[in-house]
>>> print(open('target.txt').read())   # compact mmCIF, C-alpha atoms
# COMPACT_ATOMS: atom_id res chain seq x y z
CA MET A 1 0.00 0.00 0.00
CA GLU A 2 1.28 3.43 -0.93
CA LEU A 3 1.85 5.60 2.12
CA ARG A 4 0.07 8.94 2.31
CA ARG A 5 1.59 12.27 3.30
CA THR A 6 0.05 15.15 5.22
CA PRO A 7 0.21 18.72 3.83
CA LEU A 8 3.12 19.30 6.24
CA TYR A 9 5.36 16.47 5.00
CA ASP A 10 7.92 18.78 3.35
CA GLU A 11 8.05 20.90 6.52
CA HIS A 12 8.96 17.83 8.55
CA VAL A 13 11.73 16.88 6.15
CA ALA A 14 13.11 20.43 6.11
CA LEU A 15 13.14 20.50 9.92
CA GLY A 16 15.06 17.25 10.13
CA GLY A 17 12.21 15.00 11.18
CA ARG A 18 12.93 11.27 10.98
CA ILE A 19 10.10 9.90 8.85
CA VAL A 20 8.52 6.51 9.56
CA PRO A 21 5.36 4.71 8.37
CA PHE A 22 2.40 4.97 10.75
CA ALA A 23 -1.22 3.96 10.14
CA GLY A 24 -0.72 4.25 6.37
CA TRP A 25 1.07 7.62 6.54
CA GLU A 26 4.62 8.94 6.42
CA LEU A 27 5.08 10.89 9.65
CA PRO A 28 7.97 12.12 11.82
CA VAL A 29 8.78 9.90 14.78
CA GLN A 30 11.16 12.52 16.22
CA TYR A 31 13.22 15.61 15.46
CA SER A 32 15.66 16.49 18.25
CA GLY A 33 14.86 13.31 20.15
CA LEU A 34 12.01 11.72 22.05
CA ILE A 35 13.04 12.81 25.54
CA PRO A 36 13.80 16.49 24.76
CA GLU A 37 10.55 16.76 22.78
CA HIS A 38 8.57 15.10 25.57
CA THR A 39 10.17 17.38 28.17
CA LYS A 40 9.50 20.49 26.12
CA VAL A 41 5.77 19.72 26.03
CA ARG A 42 5.71 19.14 29.79
CA THR A 43 7.59 22.35 30.57
CA ALA A 44 6.93 24.78 27.72
CA LEU A 45 5.48 24.07 24.27
CA GLY A 46 5.54 21.58 21.42
CA LEU A 47 3.84 21.17 18.03
CA PHE A 48 2.53 17.97 16.51
CA ASP A 49 1.21 17.38 13.02
CA VAL A 50 -1.94 15.31 13.50
CA SER A 51 -3.38 15.95 10.05
CA HIS A 52 -3.55 12.19 9.49
CA MET A 53 -6.61 12.09 11.77
CA GLY A 54 -9.94 11.93 9.97
CA GLU A 55 -12.95 14.24 10.07
CA LEU A 56 -16.54 13.27 9.33
CA ARG A 57 -19.06 16.12 9.00
CA VAL A 58 -22.76 15.61 9.66
CA ARG A 59 -25.05 18.50 8.71
CA GLY A 60 -28.79 19.01 8.81
CA ALA A 61 -31.63 19.44 11.27
CA GLY A 62 -31.18 15.87 12.53
CA ALA A 63 -27.39 15.94 12.84
CA VAL A 64 -27.13 15.82 16.63
CA ALA A 65 -29.76 13.11 17.03
CA ALA A 66 -28.28 10.99 14.25
CA VAL A 67 -24.73 11.11 15.63
CA ASN A 68 -26.05 10.45 19.14
CA LYS A 69 -27.41 7.08 18.01
CA LEU A 70 -23.93 5.92 16.99
CA VAL A 71 -21.89 6.93 20.05
CA THR A 72 -21.85 5.95 23.71
CA ASN A 73 -21.77 9.40 25.30
CA ASP A 74 -24.65 11.90 25.16
CA VAL A 75 -24.12 14.31 22.28
CA ALA A 76 -27.55 15.81 22.95
CA SER A 77 -26.14 17.31 26.17
CA LEU A 78 -23.64 19.45 24.27
CA VAL A 79 -23.94 23.16 23.54
CA ASP A 80 -22.50 24.94 20.53
CA GLY A 81 -18.73 25.16 20.85
CA GLN A 82 -18.40 22.08 23.05
CA ALA A 83 -16.47 18.89 22.28
CA GLN A 84 -16.97 15.47 23.82
CA TYR A 85 -14.89 12.29 24.06
CA ASN A 86 -16.88 9.34 22.80
CA GLY A 87 -16.97 5.65 22.01
CA LEU A 88 -18.24 4.32 18.70
CA THR A 89 -19.52 0.79 19.36
CA ASN A 90 -20.67 -2.13 17.22
CA GLU A 91 -23.66 -4.42 17.83
CA ARG A 92 -21.54 -6.62 20.12
CA GLY A 93 -20.56 -3.68 22.32
CA GLY A 94 -17.00 -3.65 20.98
CA LEU A 95 -15.31 -0.36 20.17
CA VAL A 96 -15.21 0.51 16.49
CA ASP A 97 -13.16 3.57 17.52
CA ASP A 98 -12.80 6.25 20.15
CA VAL A 99 -13.65 9.65 18.71
CA VAL A 100 -14.13 13.29 19.62
CA VAL A 101 -17.44 14.91 18.67
CA TYR A 102 -17.56 18.68 18.12
CA ARG A 103 -20.96 20.39 18.18
CA ILE A 104 -20.51 23.37 15.88
CA ALA A 105 -24.24 24.12 15.78
CA ALA A 106 -27.55 22.35 16.26
CA ASP A 107 -27.36 21.29 12.63
CA ASP A 108 -23.58 20.86 12.27
CA VAL A 109 -21.44 18.19 13.95
CA LEU A 110 -17.80 17.29 13.30
CA VAL A 111 -16.47 13.89 14.35
CA CYS A 112 -12.70 13.45 14.60
CA VAL A 113 -11.65 9.81 14.11
CA ASN A 114 -8.36 7.95 14.45
CA ALA A 115 -6.04 7.82 11.45
CA ALA A 116 -5.92 4.03 11.28
CA ASN A 117 -9.72 3.89 11.29
CA ARG A 118 -10.60 6.60 8.77
CA ASP A 119 -11.96 4.24 6.12
CA LYS A 120 -13.55 1.88 8.64
CA ASP A 121 -15.30 4.69 10.51
CA ARG A 122 -16.57 6.31 7.34
CA ALA A 123 -18.02 2.97 6.23
CA TRP A 124 -19.57 2.48 9.67
CA PHE A 125 -21.22 5.92 9.52
CA GLU A 126 -22.43 5.30 5.97
CA ALA A 127 -23.97 2.00 7.02
CA HIS A 128 -25.57 3.12 10.30
CA LEU A 129 -26.18 6.89 10.24
CA ASP A 130 -29.82 7.87 9.79
CA THR A 131 -29.52 10.41 6.97
CA SER A 132 -33.26 11.06 6.63
CA ASP A 133 -32.72 14.50 8.17
CA CYS A 134 -28.99 15.10 7.70
CA SER A 135 -26.07 14.43 5.37
CA LEU A 136 -22.62 12.89 5.84
CA VAL A 137 -19.43 14.14 4.19
CA ASP A 138 -15.90 12.80 4.68
CA GLU A 139 -13.81 15.97 5.15
CA GLY A 140 -10.60 14.21 6.15
CA ASP A 141 -8.61 15.58 3.21
CA ALA A 142 -10.04 19.09 3.59
CA TRP A 143 -8.55 19.66 7.04
CA ALA A 144 -5.07 19.84 8.51
CA GLN A 145 -4.76 19.52 12.27
CA ILE A 146 -1.92 20.81 14.44
CA ALA A 147 -1.65 20.10 18.17
CA PHE A 148 -0.14 23.06 20.06
CA GLN A 149 0.57 21.55 23.45
CA GLY A 150 2.22 22.69 26.67
CA PRO A 151 1.78 25.06 29.63
CA LEU A 152 2.74 28.08 27.49
CA ALA A 153 0.34 27.27 24.63
CA GLU A 154 -2.30 29.86 25.48
CA ARG A 155 0.25 32.67 25.86
CA ALA A 156 1.80 31.88 22.48
CA LEU A 157 -1.44 31.30 20.57
CA ALA A 158 -3.51 34.25 21.79
CA PRO A 159 -1.71 36.97 19.77
CA ILE A 160 -2.19 35.23 16.41
CA THR A 161 -5.86 34.22 16.59
CA ASP A 162 -9.16 36.05 16.91
CA VAL A 163 -10.56 33.13 18.90
CA ALA A 164 -10.69 34.12 22.58
CA VAL A 165 -8.53 31.20 23.68
CA GLY A 166 -8.17 32.53 27.22
CA GLY A 167 -11.88 32.03 27.72
CA LEU A 168 -11.99 28.48 26.40
CA ALA A 169 -12.54 25.85 29.06
CA ASN A 170 -11.33 22.29 28.57
CA TYR A 171 -13.11 20.57 25.68
CA ARG A 172 -14.50 23.85 24.35
CA PHE A 173 -13.66 25.34 20.97
CA GLY A 174 -14.07 28.48 18.91
CA LEU A 175 -14.32 29.28 15.21
CA GLY A 176 -12.17 31.98 13.64
CA SER A 177 -8.83 32.75 12.06
CA VAL A 178 -5.30 31.74 13.01
CA ALA A 179 -2.39 33.71 11.57
CA GLY A 180 -4.82 35.37 9.16
CA VAL A 181 -6.16 32.04 7.89
CA ALA A 182 -9.96 32.04 8.11
CA GLY A 183 -12.18 29.02 8.66
CA CYS A 184 -10.19 27.49 11.54
CA ILE A 185 -11.39 25.57 14.59
CA VAL A 186 -9.37 26.11 17.78
CA ALA A 187 -10.16 23.51 20.44
CA ARG A 188 -8.83 23.22 23.99
CA THR A 189 -8.26 19.51 23.59
CA GLY A 190 -5.19 17.30 23.30
CA TYR A 191 -3.57 13.93 23.82
CA THR A 192 -0.60 14.83 26.01
CA GLY A 193 -1.91 15.45 29.51
CA GLU A 194 -0.90 19.11 29.25
CA ASP A 195 -2.85 22.25 28.58
CA GLY A 196 -2.99 23.13 24.92
CA PHE A 197 -5.00 23.38 21.75
CA GLU A 198 -5.73 21.49 18.57
CA VAL A 199 -5.97 23.79 15.58
CA PHE A 200 -7.99 22.60 12.58
CA CYS A 201 -7.30 24.65 9.47
CA PRO A 202 -8.03 24.29 5.75
CA ALA A 203 -5.49 21.84 4.35
CA GLU A 204 -4.28 24.28 1.69
CA HIS A 205 -3.17 26.69 4.43
CA ALA A 206 -1.50 24.12 6.67
CA VAL A 207 2.06 25.27 5.98
CA ALA A 208 1.25 28.92 6.76
CA VAL A 209 -0.44 28.01 10.05
CA TRP A 210 2.33 25.57 11.05
CA ARG A 211 5.04 28.16 10.44
CA ALA A 212 3.07 30.85 12.25
CA LEU A 213 2.62 28.61 15.29
CA LEU A 214 6.34 27.79 15.36
CA THR A 215 7.17 31.48 15.16
CA ALA A 216 4.58 32.41 17.81
CA GLY A 217 6.01 29.80 20.14
CA ALA A 218 9.66 30.67 19.53
CA GLU A 219 9.97 32.82 22.66
CA ALA A 220 8.70 29.86 24.70
CA GLY A 221 11.24 27.59 23.01
CA ALA A 222 8.59 25.69 21.06
CA VAL A 223 9.82 22.68 19.10
CA PRO A 224 8.25 20.35 16.55
CA CYS A 225 7.52 16.93 18.06
CA GLY A 226 7.07 13.48 16.61
CA LEU A 227 5.11 10.30 17.20
CA GLY A 228 7.58 9.06 19.80
CA ALA A 229 6.94 11.89 22.24
CA ARG A 230 3.21 11.79 21.47
CA ASP A 231 3.15 8.16 22.62
CA THR A 232 5.13 8.64 25.84
CA LEU A 233 3.09 11.73 26.74
CA ARG A 234 -0.22 9.94 26.25
CA LEU A 235 0.98 6.95 28.24
CA GLU A 236 2.01 9.10 31.22
CA ALA A 237 -1.46 10.66 31.08
CA ARG A 238 -2.96 7.17 30.68
CA TYR A 239 -4.79 7.85 27.43
CA ASN A 240 -5.82 4.85 25.36
CA LEU A 241 -4.54 4.17 21.85
CA TYR A 242 -6.76 2.33 19.40
CA GLY A 243 -5.15 -0.90 18.29
CA HIS A 244 -3.45 -1.26 21.66
CA GLU A 245 -5.93 -0.63 24.49
CA LEU A 246 -9.04 -0.55 22.28
CA SER A 247 -10.38 -2.88 19.59
CA ASP A 248 -13.56 -4.10 17.91
CA GLU A 249 -13.87 -6.73 20.65
CA THR A 250 -13.03 -4.51 23.64
CA SER A 251 -15.97 -2.99 25.49
CA PRO A 252 -15.97 0.35 27.28
CA TRP A 253 -16.39 -1.57 30.55
CA GLN A 254 -13.10 -3.38 30.02
CA ALA A 255 -11.27 -0.24 28.89
CA GLY A 256 -12.24 1.94 31.85
CA LEU A 257 -14.61 4.01 29.73
CA ALA A 258 -17.79 3.59 31.74
CA TRP A 259 -17.74 7.36 32.25
CA ILE A 260 -18.46 7.96 28.56
CA THR A 261 -21.09 5.22 28.29
CA LYS A 262 -24.64 6.47 28.87
CA LEU A 263 -26.90 3.44 28.73
CA ASP A 264 -30.03 5.42 29.58
CA LYS A 265 -29.70 8.33 27.18
CA ALA A 266 -32.76 9.15 25.09
CA GLY A 267 -32.93 7.40 21.72
CA GLY A 268 -30.41 4.68 22.52
CA PHE A 269 -27.36 3.82 20.40
CA VAL A 270 -25.79 0.99 18.42
CA GLY A 271 -24.40 -1.59 20.84
CA GLN A 272 -26.50 -0.44 23.81
CA ASP A 273 -28.22 -3.79 24.40
CA ALA A 274 -24.97 -5.72 24.16
CA LEU A 275 -23.32 -3.35 26.61
CA ARG A 276 -26.14 -3.83 29.09
CA ALA A 277 -25.55 -7.58 28.90
CA ARG A 278 -21.77 -7.25 29.20
CA ARG A 279 -21.82 -4.84 32.12
CA GLY A 280 -20.46 -6.54 35.22
CA ASN A 281 -19.64 -9.70 33.30
CA GLU A 282 -16.28 -8.83 31.75
CA ALA A 283 -13.46 -11.11 32.93
CA THR A 284 -10.67 -8.61 32.21
CA ARG A 285 -9.97 -4.98 33.07
CA LEU A 286 -7.49 -2.44 31.74
CA VAL A 287 -5.14 -1.33 34.50
CA GLY A 288 -2.16 0.96 34.91
CA VAL A 289 0.97 -0.64 36.28
CA ARG A 290 3.92 1.15 37.85
CA ILE A 291 6.98 -0.99 37.29
CA GLU A 292 9.73 -1.38 39.86
CA GLY A 293 13.29 -1.35 38.53
CA LYS A 294 14.50 -0.60 35.00
CA ARG A 295 12.91 -3.25 32.78
CA ILE A 296 10.47 -1.77 30.28
CA PRO A 297 7.31 -3.72 29.38
CA ARG A 298 6.20 -3.71 25.76
CA ASP A 299 2.88 -4.58 24.16
CA GLY A 300 2.11 -8.28 24.05
CA MET A 301 4.24 -9.25 27.07
CA ARG A 302 2.50 -11.54 29.55
CA VAL A 303 1.46 -10.48 33.03
CA PHE A 304 1.51 -12.79 36.06
CA ALA A 305 0.10 -12.81 39.59
CA ASN A 306 1.44 -15.41 41.99
CA SER A 307 3.08 -17.16 39.01
CA VAL A 308 -0.28 -17.48 37.21
CA ASP A 309 -0.73 -15.89 33.78
CA VAL A 310 -3.47 -13.26 34.25
CA GLY A 311 -3.14 -10.99 31.23
CA PHE A 312 -0.98 -9.03 28.81
CA VAL A 313 0.57 -5.61 28.29
CA THR A 314 -1.02 -3.31 25.72
CA SER A 315 1.46 -0.40 25.97
CA GLY A 316 4.60 0.28 27.97
CA THR A 317 7.40 2.80 28.19
CA LEU A 318 9.99 4.42 30.41
CA ALA A 319 8.07 7.53 31.50
CA PRO A 320 10.48 10.46 30.88
CA THR A 321 8.78 12.82 33.33
CA LEU A 322 8.59 10.24 36.10
CA GLY A 323 11.83 8.35 35.63
CA TYR A 324 10.37 4.84 35.93
CA PRO A 325 8.65 2.37 33.58
CA VAL A 326 4.86 2.26 33.30
CA ALA A 327 2.47 0.03 31.43
CA LEU A 328 -1.16 -0.46 30.54
CA ALA A 329 -2.36 -4.05 30.64
CA TYR A 330 -5.49 -6.16 30.48
CA VAL A 331 -5.60 -8.47 33.48
CA HIS A 332 -8.18 -10.70 35.11
CA ARG A 333 -10.55 -8.65 37.22
CA ASP A 334 -9.48 -10.48 40.39
CA HIS A 335 -6.09 -8.79 40.04
CA ALA A 336 -7.21 -5.35 38.84
CA ALA A 337 -7.62 -3.53 42.17
CA ALA A 338 -5.30 -0.65 43.05
CA GLY A 339 -2.31 -1.93 44.97
CA ALA A 340 -2.42 -5.43 43.47
CA SER A 341 1.02 -6.90 42.81
CA LEU A 342 1.81 -8.06 39.28
CA VAL A 343 4.87 -9.29 37.42
CA VAL A 344 5.56 -8.69 33.72
CA ASP A 345 7.69 -11.18 31.81
CA VAL A 346 10.17 -8.91 30.01
CA ARG A 347 12.08 -11.23 27.68
CA GLY A 348 12.38 -13.92 30.33
CA LYS A 349 13.14 -11.52 33.19
CA GLU A 350 10.71 -10.54 35.92
CA ALA A 351 9.58 -6.91 36.13
CA PRO A 352 7.49 -6.55 39.29
CA GLY A 353 4.90 -3.82 39.49
CA VAL A 354 1.80 -2.55 41.26
CA VAL A 355 -1.63 -1.56 39.94
CA VAL A 356 -2.33 2.18 40.22
CA ASN A 357 -5.53 4.14 39.74
CA GLY A 358 -5.76 7.21 37.53
CA PRO A 359 -3.07 8.74 35.34
CA PHE A 360 0.59 8.15 36.09
CA TYR A 361 1.19 11.87 35.55
CA LYS A 362 -1.23 14.73 36.18
CA ARG A 363 -0.29 18.34 35.57
CA SER A 364 -0.41 20.56 38.64
CA HIS A 365 -0.49 23.94 36.90
CA SER A 366 -3.79 25.55 35.98
CA ALA A 367 -5.02 25.98 32.42
>>> encode(input="target.txt", output="structure tokens")
Amino acid sequence: MELRRTPLYDEHVALGGRIVPFAGWELPVQYSGLIPEHTKVRTALGLFDVSHMGELRVRGAGAVAAVNKLVTNDVASLVDGQAQYNGLTNERGGLVDDVVVYRIAADDVLVCVNAANRDKDRAWFEAHLDTSDCSLVDEGDAWAQIAFQGPLAERALAPITDVAVGGLANYRFGLGSVAGVAGCIVARTGYTGEDGFEVFCPAEHAVAVWRALLTAGAEAGAVPCGLGARDTLRLEARYNLYGHELSDETSPWQAGLAWITKLDKAGGFVGQDALRARRGNEATRLVGVRIEGKRIPRDGMRVFANSVDVGFVTSGTLAPTLGYPVALAYVHRDHAAAGASLVVDVRGKEAPGVVVNGPFYKRSHSA
């Protein structure tokens, strides 16, 4: 399969990004290095090209109601300018994808989907969306998306946009211009565990917006960042990654996503009945594990409790901010409680660890 390139590919090459294949795209894995990029986002500011993500647009009087019947959270509760993290489930209660829904207006909804699932999600929407009172358009190629992440993001972004970013709460967004480019969406969302924004702009203006953001962040020491830092940042914040923690067979109950699963919302949704049946009956749970020592768990490695195989690692890394290894793993529910002792088999060597609740890292500064 021929790999695709985002509108910013030449910028990455010019900036010295090391390009690798990811989810069908050619993207930078790092520039200056994973650890310095990770640290810059935690302490100042970093930029990520996330234009490989997909966007599905639903317009019409029935847009909100139609989207609400496909996702687990309650889109009907949103107001204009509000975003919402969501699960897209199949008839078995498995996760087709995890998505973010943006309510632009009562008759205009944007759904941001994962890069690896762009075609699958579009097909799912085409097959299941009630279009009697709305229309569906795949706008994935029309948008570029740049994540502007770090504690200094608001200070750097405010002077170059007419969106009142200082007044945006978490998971709120505004429409306006960035660096003179009209038709942008500026959302206080992200995948790093830090404050920051995701800027959607017309794809043909991606280079201008990217360069303007780099220039605006120069005083803060902003740097371009790659997939490597994006992964370690999301793991420290304990964010799931589709294909690792989430799959077509994984339910929200297993993945710790009960908080976005509204079984009693008006109108129901695809997978609702299956999720009712699966609730309380799942044998495995996704847990966070803090590892003792230096051995780093990787996805697929087996997890043991009292010498009994109880599960497997989905993601693992040495957490740069924390200085110790962490992992996400599916384990039998009898061993999923906080404080439970587990051992990961790291290439034949034992890596003991303990189950922890919540994120491994949580920012202390205010937005």
>>> atom_distance(input="target.txt", atom1="atom CA of A:Asp141", atom2="atom CA of A:Gly17")
22.3 Å
>>> residues_around(input="target.txt", residues="stretch 254-265 of chain A", least_positions_apart="2", cutoff="8 Å", atoms="all atoms listed in the file", output="VMD selection string")
chain A and resid 72 to 74 85 to 87 245 to 246 250 to 252 267 to 268 272 275 to 276 282 284 to 286
>>> closest_residue(input="target.txt", among="A:Glu91, A:Ala76, A:Ile185, A:Leu342", to="A:Ala277", atoms="only C-alpha atoms")
A:Glu91
>>> atom_distance(input="target.txt", atom1="atom CA of A:Leu157", atom2="atom CA of A:Leu322")
28.0 Å
>>> atom_distance(input="target.txt", atom1="atom CA of A:Pro325", atom2="atom CA of A:Val346")
11.9 Å
>>> build_atoms(input="target.txt", residues="stretch 193-215 of chain A", atoms="N, CA and C atoms", output="PDB file, in the frame of the given file")
ATOM      1  N   GLY A 193      -1.824  15.241  28.078  1.00  0.00           N
ATOM      2  CA  GLY A 193      -1.910  15.450  29.510  1.00  0.00           C
ATOM      3  C   GLY A 193      -1.538  16.846  29.934  1.00  0.00           C
ATOM      4  N   GLU A 194      -1.208  17.705  28.970  1.00  0.00           N
ATOM      5  CA  GLU A 194      -0.900  19.110  29.250  1.00  0.00           C
ATOM      6  C   GLU A 194      -2.013  20.005  28.744  1.00  0.00           C
ATOM      7  N   ASP A 195      -1.982  21.260  29.178  1.00  0.00           N
ATOM      8  CA  ASP A 195      -2.850  22.250  28.580  1.00  0.00           C
ATOM      9  C   ASP A 195      -2.439  22.412  27.114  1.00  0.00           C
ATOM     10  N   GLY A 196      -3.344  22.907  26.319  1.00  0.00           N
ATOM     11  CA  GLY A 196      -2.990  23.130  24.920  1.00  0.00           C
ATOM     12  C   GLY A 196      -4.207  23.151  24.036  1.00  0.00           C
ATOM     13  N   PHE A 197      -3.942  23.209  22.733  1.00  0.00           N
ATOM     14  CA  PHE A 197      -5.000  23.380  21.750  1.00  0.00           C
ATOM     15  C   PHE A 197      -4.736  22.474  20.554  1.00  0.00           C
ATOM     16  N   GLU A 198      -5.818  22.151  19.869  1.00  0.00           N
ATOM     17  CA  GLU A 198      -5.730  21.490  18.570  1.00  0.00           C
ATOM     18  C   GLU A 198      -6.352  22.439  17.559  1.00  0.00           C
ATOM     19  N   VAL A 199      -5.564  22.801  16.573  1.00  0.00           N
ATOM     20  CA  VAL A 199      -5.970  23.790  15.580  1.00  0.00           C
ATOM     21  C   VAL A 199      -6.300  23.058  14.277  1.00  0.00           C
ATOM     22  N   PHE A 200      -7.560  23.112  13.880  1.00  0.00           N
ATOM     23  CA  PHE A 200      -7.990  22.600  12.580  1.00  0.00           C
ATOM     24  C   PHE A 200      -7.966  23.776  11.609  1.00  0.00           C
ATOM     25  N   CYS A 201      -7.318  23.592  10.478  1.00  0.00           N
ATOM     26  CA  CYS A 201      -7.300  24.650   9.470  1.00  0.00           C
ATOM     27  C   CYS A 201      -7.480  24.037   8.089  1.00  0.00           C
ATOM     28  N   PRO A 202      -7.925  24.823   7.103  1.00  0.00           N
ATOM     29  CA  PRO A 202      -8.030  24.290   5.750  1.00  0.00           C
ATOM     30  C   PRO A 202      -6.686  23.725   5.286  1.00  0.00           C
ATOM     31  N   ALA A 203      -6.723  22.546   4.690  1.00  0.00           N
ATOM     32  CA  ALA A 203      -5.490  21.840   4.350  1.00  0.00           C
ATOM     33  C   ALA A 203      -4.556  22.672   3.473  1.00  0.00           C
ATOM     34  N   GLU A 204      -5.119  23.503   2.595  1.00  0.00           N
ATOM     35  CA  GLU A 204      -4.280  24.280   1.690  1.00  0.00           C
ATOM     36  C   GLU A 204      -3.500  25.379   2.408  1.00  0.00           C
ATOM     37  N   HIS A 205      -3.869  25.661   3.656  1.00  0.00           N
ATOM     38  CA  HIS A 205      -3.170  26.690   4.430  1.00  0.00           C
ATOM     39  C   HIS A 205      -2.364  26.100   5.583  1.00  0.00           C
ATOM     40  N   ALA A 206      -2.173  24.788   5.561  1.00  0.00           N
ATOM     41  CA  ALA A 206      -1.500  24.120   6.670  1.00  0.00           C
ATOM     42  C   ALA A 206      -0.095  24.641   6.909  1.00  0.00           C
ATOM     43  N   VAL A 207       0.667  24.828   5.839  1.00  0.00           N
ATOM     44  CA  VAL A 207       2.060  25.270   5.980  1.00  0.00           C
ATOM     45  C   VAL A 207       2.113  26.654   6.633  1.00  0.00           C
ATOM     46  N   ALA A 208       1.252  27.568   6.192  1.00  0.00           N
ATOM     47  CA  ALA A 208       1.250  28.920   6.760  1.00  0.00           C
ATOM     48  C   ALA A 208       0.920  28.892   8.246  1.00  0.00           C
ATOM     49  N   VAL A 209      -0.061  28.080   8.636  1.00  0.00           N
ATOM     50  CA  VAL A 209      -0.440  28.010  10.050  1.00  0.00           C
ATOM     51  C   VAL A 209       0.657  27.342  10.870  1.00  0.00           C
ATOM     52  N   TRP A 210       1.233  26.264  10.361  1.00  0.00           N
ATOM     53  CA  TRP A 210       2.330  25.570  11.050  1.00  0.00           C
ATOM     54  C   TRP A 210       3.501  26.526  11.303  1.00  0.00           C
ATOM     55  N   ARG A 211       3.914  27.240  10.284  1.00  0.00           N
ATOM     56  CA  ARG A 211       5.040  28.160  10.440  1.00  0.00           C
ATOM     57  C   ARG A 211       4.703  29.285  11.407  1.00  0.00           C
ATOM     58  N   ALA A 212       3.476  29.775  11.349  1.00  0.00           N
ATOM     59  CA  ALA A 212       3.070  30.850  12.250  1.00  0.00           C
ATOM     60  C   ALA A 212       3.060  30.377  13.709  1.00  0.00           C
ATOM     61  N   LEU A 213       2.627  29.150  13.932  1.00  0.00           N
ATOM     62  CA  LEU A 213       2.620  28.610  15.290  1.00  0.00           C
ATOM     63  C   LEU A 213       4.044  28.413  15.806  1.00  0.00           C
ATOM     64  N   LEU A 214       4.932  27.925  14.954  1.00  0.00           N
ATOM     65  CA  LEU A 214       6.340  27.790  15.360  1.00  0.00           C
ATOM     66  C   LEU A 214       6.938  29.142  15.723  1.00  0.00           C
ATOM     67  N   THR A 215       6.653  30.141  14.901  1.00  0.00           N
ATOM     68  CA  THR A 215       7.170  31.480  15.160  1.00  0.00           C
ATOM     69  C   THR A 215       6.572  32.060  16.434  1.00  0.00           C
TER      70      THR A 215
END
